Amino acid sequence: MHAARRTHRTRTAAALAAAAVLLGAVTTACGGKGGADGDGTAPDDKQAKASAPAQTYATDADLPESLAPDGTTVRVGSPDAKTVVHVYEDMRCPVCERFETQGGGEALREMVRSGQVRAEYTLASFLDDKLGGQGSKKAANALRAALDAGRFVELHDALFAHQPDESVDGYTDAFLLRTASQVPGLRGAGFDAAVKGMKHRSFVSASEKAFDTSGATGTPTLKVNGKIVPQNLANGIFDKTSFPMVIGSMSQ
């Protein structure tokens, strides 16, 4: 068993290294003639900037989080990352849980911590309409409240780690608050009130509309630098070893 684990780690490290090469090829690509480029930056300065090591983050808690100007996209990771992986998820979706806890999600977090990739999230809630209940909406609202506290990533991962069966509509206020207690520094009067009062209801509605107009036909759907991962590569996003290769190939 231990040997198998070492082999898995070796393969994952190799995949991440391969993806880093692919990503690096994108960021160091050159064009144009001698002299200053169109933005007034000398080529030597640009080359130095492109070759500078990416800022890395030791833990998920260290990752910067922000809400994009569109008011629905949650950004996680370096603002200078050259590759952006946009994830469309419904918190009740069991396939999203599979992605986040059994393969690609773990690889994505590693890539985001490396500083070369930024993750962005749009939280859909269509399963509430399909299955009944309010769990998707309540979970999205709680995650928006966690973003205010700089704890989006930690709560996002905790909710998927303990995801109720989609048919149960288990993301109740009590469940959300109990799970939030696992995230250091999150619980407090403001967060608790936001969860119980659906403070971010407008964000939840706008996020569902953003999903509806995104071109995504289900969850999870991933875009890499604005391009939807095609069907022939879709299976690769669920495997920790192949995920970095999928992202790297689409970043070229």
# chains A, B, ... in the order shown; residues from 1 in each chain; ligands from 1
>>> closest_atom_pairs(of="region 120-235 of chain A", to="region 66-89 of chain A", cutoff="7 Å", atoms="only C-alpha atoms", output="Markdown table")
| residue | atom | partner | partner_atom | distance |
| --- | --- | --- | --- | --- |
| A:Glu120 | CA | A:His86 | CA | 4.5 |
| A:Tyr121 | CA | A:Val87 | CA | 4.9 |
| A:Thr122 | CA | A:Tyr88 | CA | 4.9 |
| A:Leu123 | CA | A:Glu89 | CA | 5.3 |
| A:Ala124 | CA | A:Glu89 | CA | 5.8 |
| A:Phe203 | CA | A:Thr72 | CA | 6.4 |
| A:Ala206 | CA | A:Thr72 | CA | 6.5 |
| A:Ser207 | CA | A:Thr72 | CA | 5.2 |
| A:Thr219 | CA | A:Glu89 | CA | 5.2 |
| A:Pro220 | CA | A:Glu89 | CA | 5.0 |
| A:Thr221 | CA | A:Tyr88 | CA | 5.1 |
| A:Leu222 | CA | A:Val87 | CA | 4.7 |
| A:Lys223 | CA | A:His86 | CA | 5.0 |
| A:Val224 | CA | A:Val85 | CA | 4.7 |
| A:Asn225 | CA | A:Val84 | CA | 5.1 |
>>> residues_around(residues="Cys96 (chain A)", least_positions_apart="3", cutoff="12 Å", atoms="only C-alpha atoms", output="count of residues only")
30
>>> select_by_dssp(residues="region 82-181 of chain A", states="helix (DSSP H, G or I)", output="PyMOL selection string")
chain A and resi 94-102+104-113+126-131+135-148+152-161+173-180
>>> closest_residue(among="A:Gln231, A:Ser205, A:Thr179, A:Ser167", to="Ser125 (chain A)", atoms="only C-alpha atoms")
A:Ser205
>>> select_by_dssp(residues="region 23-252 of chain A", states="strand (DSSP E)", output="MDAnalysis selection string")
chainID A and resid 65:67 74:76 83:90 117:124 221:224 227:228
>>> write_last_selection(atoms="C-alpha atoms", output="compact mmCIF listing (two decimals), in the first residue's frame")
# COMPACT_ATOMS: atom_id res chain seq x y z
CA GLU A 65 -9.73 35.78 -2.19
CA SER A 66 -11.87 38.45 -3.80
CA LEU A 67 -15.11 39.10 -5.63
CA VAL A 74 -15.15 34.44 -6.67
CA ARG A 75 -11.44 34.70 -7.36
CA VAL A 76 -8.92 32.57 -5.46
CA THR A 83 -3.78 30.74 -16.32
CA VAL A 84 -7.32 31.05 -14.97
CA VAL A 85 -9.43 27.96 -14.29
CA HIS A 86 -13.10 28.92 -13.90
CA VAL A 87 -15.21 26.33 -12.11
CA TYR A 88 -19.01 26.25 -12.35
CA GLU A 89 -20.52 24.27 -9.49
CA ASP A 90 -23.79 23.59 -7.71
CA VAL A 117 -2.99 29.29 -11.74
CA ARG A 118 -5.90 31.28 -10.35
CA ALA A 119 -9.18 29.54 -9.63
CA GLU A 120 -12.50 31.29 -10.13
CA TYR A 121 -15.89 30.03 -9.04
CA THR A 122 -19.47 30.61 -10.15
CA LEU A 123 -22.02 29.05 -7.80
CA ALA A 124 -25.14 27.74 -9.50
CA THR A 221 -17.98 22.72 -15.95
CA LEU A 222 -14.48 24.15 -16.23
CA LYS A 223 -13.14 26.91 -18.44
CA VAL A 224 -9.44 27.49 -18.95
CA LYS A 227 -12.43 28.15 -23.07
CA ILE A 228 -14.70 25.34 -21.90
>>> residues_around(residues="Val195 (chain A)", least_positions_apart="3", cutoff="7 Å", atoms="only C-alpha atoms", output="ChimeraX atom specification")
/A:141-142,173,191-192,198-199
>>> closest_residue(among="A:Gly188, A:Lys196, A:Asn232, A:Glu208", to="Phe126 (chain A)", atoms="only C-alpha atoms")
A:Glu208
>>> closest_residue(among="A:Leu143, A:Ala61, A:Asp165, A:Gly132", to="Val95 (chain A)", atoms="only C-alpha atoms")
A:Asp165
>>> residues_around(residues="region 169-172 of chain A", least_positions_apart="4", cutoff="6 Å", atoms="only C-alpha atoms", output="ChimeraX atom specification")
/A:133,135,164
>>> atom_distance(atom1="CA of Asn235 (chain A)", atom2="CA of Arg144 (chain A)")
29.2 Å
